Amino acid sequence: MSQSNVVRLDSRSNAPATWQALCSRADLVANSGVVAWHEGAQVALFHLPDNADGEQLFAIENRDPKSGANVIGRGIVGSLKGELVIASPLYKQHFRLADGSCLEYPEQRLQVWPVRLVGDEVQIAAG
Amino acid sequence: MSSTVTPLKHETLVIVGNGMVGHHCIEQLIEQDALARYDVHVFGEERQRAYDRVHLSEYFGGRDAESLAMCEADYYSRHGVQAHLGEQVLEIDRERKQVVTGNGRQPYDKLILATGSYPFVPPIPGAEGNSRLVYRTLEDLDDIRAAATGARRGVVVGGGLLGLEAANALKSLGLEAHVVEFAPRLMPVQLDDAGGAALKARIEALGVGVHLSRATQEIIVGEQYAYRMVFQDGEFLETDLIVFSAGIRPQDALARDCGLELAARGGVVVDSDCRTSDPAIFAIGECASWNGSVFGLVAPGYSMARCVAAQLADAAHTPFLGADMSTKLKLLGVDVGSIGDAHGATPGSRSYRFIDEASASYRRLVVSADGKTVLGAVLVGDNSYYDTLLQYAQNGIKLPADPSGLILPQTEGAPTLGPDALPASATICSCHNVSKGAVCCQVDAGVTDLGELKAATKAATGCGGCNALLKLVFDAELAARGVAVDKSLCEHFAYTRQELYGIVRVEGIQSFTELLAKHGRGHVGCDICKPTVGSILASCWNQPITDPALIPLQDTNDTFMANMQKNGTYSVVPRIPGGEITPEGLIAIGQVAKKYDLYTKITGGQRIDLFGAQLHELPDIWGELIAAGFETGHAYGKSLRTVKSCVGSTWCRYGVQDSVGMALRLEDRYKGLRAPHKIKFAVSGCTRECAEAQSKDIGVIATDKGWNLYICGNGGMRPRHAELFATDLDDETLIRIIDRVLMFYVRTADKLQRTSVWRESLEGGLDYLKGVILDDSLNLAAELESQMQHVVDSYQCEWANAISDPEKLKRFRTFVNDGRADPDIHFVKERGQRRPVRASELHLIPLTQEVL
């Protein structure tokens, strides 16, 4: 499984063509989620400042497909069988942070975006 | 996972129809590696890829088309199946072995017809447009939704299984629903007269009109409503829309046009290999007729699909030899079950019947002439009998001496069929044909997790009706192999909640990270252990839950200190101790509710709940409530909720103690106590018990000498009367005992275990608990009291704490980089207040994109 939306701080070399500023590092909440507005989309950002693999940042769609409510950013971050997941706060189904796929319902899938931290800026891949 | 064409493929397989059965056939072909030898083309008339028709009514309950889909959007392309959706097959040219569509011709070597069925609409003059709707496809549902706009009443013609589903759909669209049935009872195929009557009584109690023995003669313009249905006897019923659900007909037009043999009552004739009169063509599902019968359920369709897929894969196949039409469903929330010979049509059969007119429950058991085996059964009102009866019927298990016990209300000692009694051949999941033997194989192969079992066998992933039975069999098989049922909290902690509580307390652990590092696995935790540990830390040390190290542990309700509702907005509950409030307080709450346009409702716990606040509004709302003297009500926490009270001796002529005064004192003492689950109190001022204290975790009832204490009661899903624990207590003793009971509960209960379940799980029962609390048999009393005193002394209002800290307020933003509100939250006005818009009221439900 590729961690396509995970960009470590030192891996800018294989970055997409253009990055766009989204919000600041200070807007993030450690080990928890916040939501940013990105060109009409709602992007939930989860920041794990000192995970086993170093600092990690994920951007995943905020809309919970089961309820239709925009609540994913308010779920709990967890690790199940070695994969980082977010539990939807309403019906508790889990989505992989790496690719947005759902553990319990394969037909549910969330969009993910490449994101990175540059200094104090959170950047999202444009386009 | 390759979609490249391999040289092995030399034949083309065309599947006409992409419903549940057609899709299942493709799944089976993929699973059996048949795609190595066939190029598969599937044609679907509808634009959506296959979706779950069994749960179609949930489309009106908020599920969108995508979530009803049977597979991921790229499933077909990933496996090299060419899907032609929205492309109707117009003709089958058997001579050239080609199917003809609007886009051209597609040759085939093998063809599978999975065209399903269509709703039968009787020819009634005047039936057209909104008076001739049907209930079969997502498009039909969109039509019904459109017709329901501005309508008040809707009628379903047909009181069978699908008709009642359709009535439920109309009801969920907010219409007054009626069912018109030609036969003298509901569900005439599955139920007998008494069963139909019980179902009718239950459905009418739900506000659905039921009209039996009615044949519609014509439909004319109505006076009060859009249409008038005129019945055979001159009576009439007016309505704004009519949905026909009077049965299905096999969709066999293509087969007829190309000269395949059809059954007298419709359907493509197939043999036990599901082959039609043309050996190159198979037919499966509702379009096929086997032995003169068409099978209108998904399980037989799946059996046919498996049968054909195995043949095409050159694997051993099980011939299709008919199907058990037993069904278990919830129609309009009413349990209905029908097994085998429900009507007792077998010569010499005898019946046992249980009729409860008070609750409209009905059960009938049909047994063989020799009284040894179950032939059939009818259940209305309670399907908990279904699994056992079905196993008796399907496996020919010998009946007990008095079979009536199988349908009598279950009391202790009633004969129940344990999973051990089932033979290995017993079918557990009929949708995916999983036997008990298959479950045992998985257990032998080392599967110890129910989720893994479901993934490996697909059991309980169809209609889900066998879930309970599957777990029973699985647990029994694990136990039989001496596998200890794992009581670990989750994959990160090999401890129970009680054990973790002990560790935290003894080692003085202050954070989740510390506990995980010392006693757990991994670096992150999950949504099971994080809130549990968060609660334990709060019970022990009572740090503000908004502290940065604690925030990631909390469920969203604790994180944002409000209760999340279905549309992602929150409700807010200020504490109103004992239900006592000044007029100024009421006005202040009213002003806040008005200013933020919050839906306002009085709760069962004598408080006021304000609904519909968005995340970014919470700090402002609480700023105003705190300024008016309120503090948080912890409605979001697993903690003390309310202490309900009656007015007591202050006002009531019967009251013997000041119940409001005591309620205030108790609520003030225990507010903020985090526990394994929520805790509710009540205090009644006399034995008349107007505060309903005996249904609470802690109930206090005044006597002329002091207070009687009741503990571990519960309302809700499983009501339990609280038990009398101590009598005639003075104020101080009462509080000391409650301190001990609550702390002992916090210390020893499992996660999310209410006091009632905790009490029932205590070995030694009430006497043991009395020993610990009243006689101090474990020498714990002083410690429990001092721990409670620590929680009481360290209390602070979480909201007051949060709004004084800009860093904590940062999280209360809908978008961190934009000031707008969530544009997807919509409200409508109802009875003078706003409420969330229902999915059915939003007309822009996204439809599935075409997959090609």
# chains A, B, ... in the order shown; residues from 1 in each chain; ligands from 1
>>> interface_residues(of="chain B", to="chain A", cutoff="8 Å", atoms="only C-alpha atoms", output="PyMOL selection string")
chain B and resi 62-63+66-67+69-73+491+523-527+548+551-556+564+566-568+810-811+814-818+822+824-825
>>> residues_around(residues="Tyr570 of chain B", least_positions_apart="5", cutoff="10 Å", atoms="only C-alpha atoms", output="ChimeraX atom specification")
/B:557,560-565,598,610-615,617-618,636
>>> write_last_selection(atoms="C-alpha atoms", output="mmCIF file, in the first residue's frame")
data_model
loop_
_atom_site.group_PDB
_atom_site.id
_atom_site.type_symbol
_atom_site.label_atom_id
_atom_site.label_comp_id
_atom_site.auth_asym_id
_atom_site.auth_seq_id
_atom_site.Cartn_x
_atom_site.Cartn_y
_atom_site.Cartn_z
ATOM 1 C CA ASN B 557 -18.187 14.800 22.287
ATOM 2 C CA PHE B 560 -15.591 19.654 21.895
ATOM 3 C CA MET B 561 -17.580 19.388 25.117
ATOM 4 C CA ALA B 562 -20.892 19.120 23.322
ATOM 5 C CA ASN B 563 -22.975 16.314 21.815
ATOM 6 C CA MET B 564 -22.502 15.700 18.109
ATOM 7 C CA GLN B 565 -25.759 15.157 16.231
ATOM 8 C CA LEU B 598 -30.989 26.661 18.431
ATOM 9 C CA LEU B 610 -30.064 23.363 22.694
ATOM 10 C CA PHE B 611 -29.476 21.777 19.272
ATOM 11 C CA GLY B 612 -27.896 22.854 16.017
ATOM 12 C CA ALA B 613 -24.768 24.758 17.117
ATOM 13 C CA GLN B 614 -21.827 24.655 14.747
ATOM 14 C CA LEU B 615 -18.330 24.054 16.036
ATOM 15 C CA GLU B 617 -20.313 28.876 17.639
ATOM 16 C CA LEU B 618 -19.693 26.799 20.761
ATOM 17 C CA TYR B 636 -21.311 14.794 26.426
#
>>> residues_around(residues="segment 25-32 of chain B", least_positions_apart="4", cutoff="10 Å", atoms="only C-alpha atoms", output="PDB file with N, CA and C atoms, in the first residue's frame")
ATOM      1  N   ILE B  15     -22.628 -11.155 -20.024  1.00  0.00           N
ATOM      2  CA  ILE B  15     -23.638 -11.227 -18.971  1.00  0.00           C
ATOM      3  C   ILE B  15     -24.620 -10.088 -19.200  1.00  0.00           C
ATOM      4  N   ASN B  18     -26.979  -6.316 -14.633  1.00  0.00           N
ATOM      5  CA  ASN B  18     -26.001  -6.023 -13.598  1.00  0.00           C
ATOM      6  C   ASN B  18     -26.728  -5.702 -12.288  1.00  0.00           C
ATOM      7  N   GLY B  19     -27.575  -6.630 -11.876  1.00  0.00           N
ATOM      8  CA  GLY B  19     -28.204  -6.508 -10.569  1.00  0.00           C
ATOM      9  C   GLY B  19     -27.386  -7.260  -9.543  1.00  0.00           C
ATOM     10  N   MET B  20     -27.984  -7.576  -8.400  1.00  0.00           N
ATOM     11  CA  MET B  20     -27.242  -8.243  -7.334  1.00  0.00           C
ATOM     12  C   MET B  20     -26.760  -9.621  -7.782  1.00  0.00           C
ATOM     13  N   VAL B  21     -27.624 -10.357  -8.504  1.00  0.00           N
ATOM     14  CA  VAL B  21     -27.274 -11.717  -8.906  1.00  0.00           C
ATOM     15  C   VAL B  21     -26.223 -11.704 -10.007  1.00  0.00           C
ATOM     16  N   ALA B  36      -9.369 -15.879 -16.545  1.00  0.00           N
ATOM     17  CA  ALA B  36      -8.207 -16.249 -17.348  1.00  0.00           C
ATOM     18  C   ALA B  36      -8.647 -16.840 -18.680  1.00  0.00           C
ATOM     19  N   TYR B  38     -11.960 -16.312 -20.070  1.00  0.00           N
ATOM     20  CA  TYR B  38     -13.022 -15.564 -20.760  1.00  0.00           C
ATOM     21  C   TYR B  38     -12.734 -14.073 -20.770  1.00  0.00           C
ATOM     22  N   VAL B  40     -14.845 -11.028 -20.309  1.00  0.00           N
ATOM     23  CA  VAL B  40     -16.191 -10.875 -19.765  1.00  0.00           C
ATOM     24  C   VAL B  40     -16.721  -9.480 -20.085  1.00  0.00           C
ATOM     25  N   HIS B  41     -17.905  -9.457 -20.666  1.00  0.00           N
ATOM     26  CA  HIS B  41     -18.606  -8.197 -20.902  1.00  0.00           C
ATOM     27  C   HIS B  41     -19.921  -8.234 -20.133  1.00  0.00           C
ATOM     28  N   VAL B  42     -20.168  -7.201 -19.333  1.00  0.00           N
ATOM     29  CA  VAL B  42     -21.444  -7.155 -18.633  1.00  0.00           C
ATOM     30  C   VAL B  42     -22.223  -5.925 -19.107  1.00  0.00           C
ATOM     31  N   CYS B  71     -19.944  -2.931  -4.993  1.00  0.00           N
ATOM     32  CA  CYS B  71     -18.482  -3.045  -5.079  1.00  0.00           C
ATOM     33  C   CYS B  71     -17.896  -1.661  -5.281  1.00  0.00           C
ATOM     34  N   TYR B  75     -13.826  -1.797  -9.371  1.00  0.00           N
ATOM     35  CA  TYR B  75     -13.737  -3.242  -9.179  1.00  0.00           C
ATOM     36  C   TYR B  75     -13.698  -3.985 -10.515  1.00  0.00           C
ATOM     37  N   TYR B  76     -14.595  -3.607 -11.434  1.00  0.00           N
ATOM     38  CA  TYR B  76     -14.657  -4.321 -12.707  1.00  0.00           C
ATOM     39  C   TYR B  76     -13.394  -4.071 -13.535  1.00  0.00           C
ATOM     40  N   HIS B  79     -10.317  -5.863 -12.472  1.00  0.00           N
ATOM     41  CA  HIS B  79     -10.244  -7.283 -12.775  1.00  0.00           C
ATOM     42  C   HIS B  79     -10.406  -7.582 -14.260  1.00  0.00           C
ATOM     43  N   GLY B  80     -10.430  -6.534 -15.070  1.00  0.00           N
ATOM     44  CA  GLY B  80     -10.496  -6.759 -16.504  1.00  0.00           C
ATOM     45  C   GLY B  80     -11.880  -7.101 -17.021  1.00  0.00           C
ATOM     46  N   VAL B  81     -12.909  -6.809 -16.231  1.00  0.00           N
ATOM     47  CA  VAL B  81     -14.280  -7.031 -16.698  1.00  0.00           C
ATOM     48  C   VAL B  81     -14.733  -5.760 -17.417  1.00  0.00           C
ATOM     49  N   ILE B 112     -24.956 -15.277 -20.267  1.00  0.00           N
ATOM     50  CA  ILE B 112     -25.727 -15.469 -19.027  1.00  0.00           C
ATOM     51  C   ILE B 112     -26.803 -14.395 -18.974  1.00  0.00           C
ATOM     52  N   ALA B 114     -29.176 -12.426 -16.709  1.00  0.00           N
ATOM     53  CA  ALA B 114     -29.440 -12.094 -15.302  1.00  0.00           C
ATOM     54  C   ALA B 114     -30.262 -10.820 -15.307  1.00  0.00           C
ATOM     55  N   ILE B 284     -30.025 -16.916 -14.703  1.00  0.00           N
ATOM     56  CA  ILE B 284     -29.928 -16.977 -13.238  1.00  0.00           C
ATOM     57  C   ILE B 284     -30.773 -15.867 -12.611  1.00  0.00           C
ATOM     58  N   GLY B 301     -30.936 -16.732  -5.977  1.00  0.00           N
ATOM     59  CA  GLY B 301     -30.249 -16.124  -7.115  1.00  0.00           C
ATOM     60  C   GLY B 301     -28.745 -16.307  -6.988  1.00  0.00           C
ATOM     61  N   TYR B 302     -28.234 -16.104  -5.769  1.00  0.00           N
ATOM     62  CA  TYR B 302     -26.803 -16.288  -5.530  1.00  0.00           C
ATOM     63  C   TYR B 302     -26.406 -17.758  -5.757  1.00  0.00           C
ATOM     64  N   SER B 303     -27.277 -18.675  -5.323  1.00  0.00           N
ATOM     65  CA  SER B 303     -26.964 -20.098  -5.541  1.00  0.00           C
ATOM     66  C   SER B 303     -26.815 -20.388  -7.034  1.00  0.00           C
ATOM     67  N   MET B 304     -27.754 -19.843  -7.821  1.00  0.00           N
ATOM     68  CA  MET B 304     -27.683 -20.042  -9.272  1.00  0.00           C
ATOM     69  C   MET B 304     -26.402 -19.440  -9.828  1.00  0.00           C
ATOM     70  N   ALA B 305     -26.051 -18.247  -9.344  1.00  0.00           N
ATOM     71  CA  ALA B 305     -24.843 -17.573  -9.839  1.00  0.00           C
ATOM     72  C   ALA B 305     -23.608 -18.419  -9.546  1.00  0.00           C
ATOM     73  N   ARG B 306     -23.558 -18.977  -8.340  1.00  0.00           N
ATOM     74  CA  ARG B 306     -22.413 -19.826  -7.981  1.00  0.00           C
ATOM     75  C   ARG B 306     -22.357 -21.072  -8.871  1.00  0.00           C
ATOM     76  N   CYS B 307     -23.539 -21.647  -9.118  1.00  0.00           N
ATOM     77  CA  CYS B 307     -23.640 -22.850  -9.931  1.00  0.00           C
ATOM     78  C   CYS B 307     -23.072 -22.600 -11.331  1.00  0.00           C
ATOM     79  N   VAL B 308     -23.451 -21.477 -11.946  1.00  0.00           N
ATOM     80  CA  VAL B 308     -23.003 -21.184 -13.307  1.00  0.00           C
ATOM     81  C   VAL B 308     -21.519 -20.809 -13.329  1.00  0.00           C
ATOM     82  N   ALA B 309     -21.105 -19.985 -12.358  1.00  0.00           N
ATOM     83  CA  ALA B 309     -19.705 -19.553 -12.332  1.00  0.00           C
ATOM     84  C   ALA B 309     -18.783 -20.762 -12.218  1.00  0.00           C
ATOM     85  N   ALA B 310     -19.170 -21.729 -11.373  1.00  0.00           N
ATOM     86  CA  ALA B 310     -18.330 -22.913 -11.187  1.00  0.00           C
ATOM     87  C   ALA B 310     -18.225 -23.703 -12.494  1.00  0.00           C
ATOM     88  N   GLN B 311     -19.345 -23.819 -13.206  1.00  0.00           N
ATOM     89  CA  GLN B 311     -19.299 -24.554 -14.480  1.00  0.00           C
ATOM     90  C   GLN B 311     -18.373 -23.876 -15.477  1.00  0.00           C
ATOM     91  N   LEU B 312     -18.470 -22.527 -15.544  1.00  0.00           N
ATOM     92  CA  LEU B 312     -17.644 -21.809 -16.508  1.00  0.00           C
ATOM     93  C   LEU B 312     -16.172 -21.878 -16.120  1.00  0.00           C
ATOM     94  N   ALA B 313     -15.911 -21.992 -14.823  1.00  0.00           N
ATOM     95  CA  ALA B 313     -14.519 -22.093 -14.365  1.00  0.00           C
ATOM     96  C   ALA B 313     -14.035 -23.533 -14.418  1.00  0.00           C
ATOM     97  N   ASP B 314     -14.885 -24.406 -14.883  1.00  0.00           N
ATOM     98  CA  ASP B 314     -14.538 -25.821 -14.958  1.00  0.00           C
ATOM     99  C   ASP B 314     -14.273 -26.407 -13.579  1.00  0.00           C
ATOM    100  N   ALA B 315     -14.992 -25.910 -12.602  1.00  0.00           N
ATOM    101  CA  ALA B 315     -14.812 -26.416 -11.238  1.00  0.00           C
ATOM    102  C   ALA B 315     -16.019 -27.284 -10.889  1.00  0.00           C
TER     103      ALA B 315
END
>>> residues_around(residues="Val447 of chain B", least_positions_apart="2", cutoff="12 Å", atoms="only C-alpha atoms", output="PyMOL selection string")
chain B and resi 438-445+449-457+474-475+477-478+481+483
>>> select_by_dssp(residues="segment 503-699 of chain B", states="strand (DSSP E or B)", output="PyMOL selection string")
chain B and resi 563-564+570-572+574+599-602+608-613+632+639-645+674+679-684+698-699
>>> write_last_selection(atoms="C-alpha atoms", output="PDB file, in the first residue's frame")
ATOM      1  CA  ASN B 563     -22.975  16.314  21.815  1.00  0.00           C
ATOM      2  CA  MET B 564     -22.502  15.700  18.109  1.00  0.00           C
ATOM      3  CA  TYR B 570     -23.736  19.965  18.336  1.00  0.00           C
ATOM      4  CA  SER B 571     -26.241  20.208  21.140  1.00  0.00           C
ATOM      5  CA  VAL B 572     -25.440  22.158  24.279  1.00  0.00           C
ATOM      6  CA  PRO B 574     -26.012  23.760  30.638  1.00  0.00           C
ATOM      7  CA  TYR B 599     -33.694  24.017  18.480  1.00  0.00           C
ATOM      8  CA  THR B 600     -34.789  23.820  22.112  1.00  0.00           C
ATOM      9  CA  LYS B 601     -36.115  20.795  23.925  1.00  0.00           C
ATOM     10  CA  ILE B 602     -36.689  19.859  27.569  1.00  0.00           C
ATOM     11  CA  ILE B 608     -32.759  22.092  28.524  1.00  0.00           C
ATOM     12  CA  ASP B 609     -31.000  20.847  25.408  1.00  0.00           C
ATOM     13  CA  LEU B 610     -30.064  23.363  22.694  1.00  0.00           C
ATOM     14  CA  PHE B 611     -29.476  21.777  19.272  1.00  0.00           C
ATOM     15  CA  GLY B 612     -27.896  22.854  16.017  1.00  0.00           C
ATOM     16  CA  ALA B 613     -24.768  24.758  17.117  1.00  0.00           C
ATOM     17  CA  THR B 632     -21.218  22.747  31.770  1.00  0.00           C
ATOM     18  CA  SER B 639     -19.920  11.098  33.827  1.00  0.00           C
ATOM     19  CA  LEU B 640     -22.666  12.322  36.130  1.00  0.00           C
ATOM     20  CA  ARG B 641     -25.525  13.671  34.032  1.00  0.00           C
ATOM     21  CA  THR B 642     -28.375  14.859  36.230  1.00  0.00           C
ATOM     22  CA  VAL B 643     -29.925  14.503  39.627  1.00  0.00           C
ATOM     23  CA  LYS B 644     -33.644  14.597  38.962  1.00  0.00           C
ATOM     24  CA  SER B 645     -35.893  15.602  41.831  1.00  0.00           C
ATOM     25  CA  ARG B 674     -15.671  10.625  34.945  1.00  0.00           C
ATOM     26  CA  ILE B 679     -24.481   8.065  35.678  1.00  0.00           C
ATOM     27  CA  LYS B 680     -27.953   9.330  36.511  1.00  0.00           C
ATOM     28  CA  PHE B 681     -29.384  10.131  39.936  1.00  0.00           C
ATOM     29  CA  ALA B 682     -32.807  11.003  41.267  1.00  0.00           C
ATOM     30  CA  VAL B 683     -34.150  12.072  44.643  1.00  0.00           C
ATOM     31  CA  SER B 684     -37.802  11.639  45.596  1.00  0.00           C
ATOM     32  CA  ILE B 698     -28.321   6.053  42.243  1.00  0.00           C
ATOM     33  CA  GLY B 699     -31.842   6.553  43.594  1.00  0.00           C
TER      34      GLY B 699
END
>>> closest_residue(among="B:Pro577, B:Pro544, B:Gly222, B:Gly585", to="Arg669 of chain B", atoms="only C-alpha atoms")
B:Pro577
